[in-house]
Each structure stands twice: as C-alpha cells, then as structure tokens.
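Notes follow the structure.
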Amino acid sequence: MKIIVPMAGRGSRLRPHSLTVPKPLIPVAGQPIVHRLVKDIAKVLKQPIEEIAFVLGDQAFFGDDVVESLTELAKDLGAKASIYRQDQPLGTGHAIMSAKPSLSGPAVIAYADTLIRAEFDLDPSADSVIWTKRVANPEAYGVVKLDSNENIVELVEKPETFVSDQAVIGIYYFKDVSVLKEKLQEVLDENVMNGGEYQINDGIKRMMADGRVFKTGTVDEWMDCGNKTVTLETNAKMLGFLAADNEEQLIDASVVLDNAKVIEPCCIGKGTVLKNTTVGPYVSIGKDCVIENTTVKNSLIQNQTSIKNANLDEAMIGNHVTYNGEFTKISIGDYTVLE
C-alpha cells in the first residue's frame, strides 16, 4: 500500500502562521497536521505501508528541513519516502500527476489540511473508496450521489438541490492508482480545466464512465485545519480523543510547573516552563516555551515562545514569539514581539 500526499499549497487562510511554516506542518495537539493525518490513515488501513509520496511546492518554502521531517515520518511507519515537486499551482489533478512514478498499485491519496477519526474495512469489491462525512449543509460541499447499490455514480459540487448529505473530505483509496494516472494523463493531454486547474474529479469521472466501482468510506470525525478558528476547534477535539485513547504522553516529563496548574486535556512539549500560570483545558504548547503570570485556555502555542502577564482564550501563537499584554482573541505569527 502507498500513501500519496499532495501538500504544495502555502495555506493562505491560515496566515500569518503559514507565512513561514507550511500549513501541513503546523502542529495540532503536539504533532504536525500531516504527521497526524498519515498516521491515522495507516492505522485505519491496518496493513503495511511501503511508500509515502509527498508532493511539495517550491524549494524556498518547502526546504530541506521539511523533507527531513517527512522522510522521518515515513521511516517511523516502516515506509520509503518519495519527494516530488509541483512546479506550478495547477490543481489537485496536476499535484497528483507530479508524483507520477509512484502512481501504481493500491494507494490512498490524502490532502494534508484535514484530520480524521475512522474505523472501517475497505470494501474488496470496490475499485475505489472515497471517504465522506455526513453533513447538515451539503449545499456547501462537494457530495457523492449514490445508486440503489450504494455505489457512487456522480460527484456533485455544491448542489443547489439535495443530492446526498455525504460530503467528500479529500481522502481516496484506489485498488490500482495507475488507472487514475491514465485518466488524469488524458485530462492533462486534452487540457481539461475547471477553474483554471486540473482536478482529480475529472479523472475520477472518467473512471466511473468506464464502469469502475466506487464506494464510500464514512468517517466518524472530519476535522478541518483551514483557518485559525477551525484549527483551534480541531486542536480541542484531537486533545479530547488523545486523552480518551490514553496512547500518547501529552505532557512531557521535562515540563516545569512552578506554582502552575494544568487543566487537562492539554499537550505541553519538552523543556517548557510554566510559572504562576494556569493552562487548560484544550491547550497545546510546543517545546522550550516560558509562560509566566498567565491564564490560557482553548489555544495553540508553538515552539520557543515567551508569554507573560496575559489572559488568553482562543489564541493561536507561532514560534519564537515574545508576548506581554492583555489581548485575548489573537493570532500571532512567527518571530513577533508584542510588549
């Protein structure tokens, strides 16, 4: 089994945090989004992963440190890491085809700006499985249309009239991904574009026209990381799941508590010092931070940041930040100083 992960976008909706750190590498509950996604997919698949192919953007933004991080992620899962570059932002289909040498055999394709919680077996009768989530407002999403046999027969983008309540979340399984590669090559050769981009859906629709069987794989939770608000919601949900699973040590043993209180669930990284401070619930703090005379809840703070004299709620703060103030609902990127 292979996992193909297109992650070339810079994540404009999550600025300023994605100005210096690629959005898929922003941590949620102590680990980068893409790390959690790939690990969760591997867990769901319940089979060995032989290769993980990552499609990155330009070298200036997705540099050697990113490659090293992703290579280590694949190694931890017993897989080979393959790194590809998407030279132009020309859509989902184009991103997948940037990994053309890896497009063979069974594979999962997953876009690295979402997290899932799921437990199911792949349908052996299916040529492909499209992960979906039941939503209350399907008109805001791309949804699947099913026939009487529960096969997917159409993909409909933001339907004006009801088609189904199963929204496509951007994770796909292909029994043989080379079939998708063949169809996407046709899309590129014929210059079939939607919104100025080559889309995965155009390849999938050609597979359906050939009679390929598509089934749904419904997830229990679909958690977006597209902007600050939903990223904080996802952080809180993930902390709750991890605390219930009790499989990860969320608070590092080296954390120093000096007249400090932690209201769980929280995730606190190595070397962080909390002094005269109350943290939690639903707070993730990275490594080597110093937080003094502060109350913080429902927030996400990255690495090597100093905060004092603050009362924070729904705050998202980047790396290497120095903050001393009274603001509450804030979004501060890397290397910011507020005094």
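By convention in this document, the chains of the structure tokens carry letters A, B, ... by their order, each chain's residues are numbered from 1, and ligands are numbered from 1 in the order they are shown.
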
Quick one: residues within 6 Å of stretch 234-240 of chain A, only C-alpha atoms, excluding same-chain residues fewer than 4 positions away - as number ranges by chain? A: 28-29, 223, 265, 282

Residue list (strand (DSSP E), DSSP) for stretch 55-181 of chain A, as JSON, numbers by chain: {"A": [55, 56, 80, 81, 82, 83, 84, 85, 107, 108, 109, 110, 114, 115, 116, 117, 128, 129, 130, 131, 132, 133, 134, 142, 143, 144, 145, 146, 152, 153, 154, 155, 156, 157, 166, 167, 168, 169, 170, 171, 172, 173, 174]}

If you run DSSP over the backbone, which residues in stretch 117-207 of chain A end up helix (DSSP H, G or I)? Put them as an MDAnalysis selection string. chainID A and resid 138:140 177:189 200:207

Give the answer as one residue: which of A:Thr114, A:Ser254, A:Ser125, A:Gln199 has the shortest atom-to-atom distance to A:Met97, using only C-alpha atoms?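 Of A:Thr114, A:Ser254, A:Ser125, A:Gln199, the one nearest A:Met97, counting only C-alpha atoms, is A:Gln199.
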
I need the residue nearest A:Arg212 from this list: A:Lys175, A:Lys39, A:Arg117, A:Lys308. Use only C-alpha atoms for the distance.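 Answer, going by the shortest atom-to-atom distance: A:Lys175.
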
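Those residues that approach A:Pro281 to within 10 Å, counting only C-alpha atoms, are Ala236, Leu239, Gly240, Val262, Ile263, Glu264, Pro265, Cys266, Cys267, Thr278, Ser284, Val296, Lys297, Asn298 and Ser299 of chain A; same-chain residues fewer than 3 positions away are not listed.
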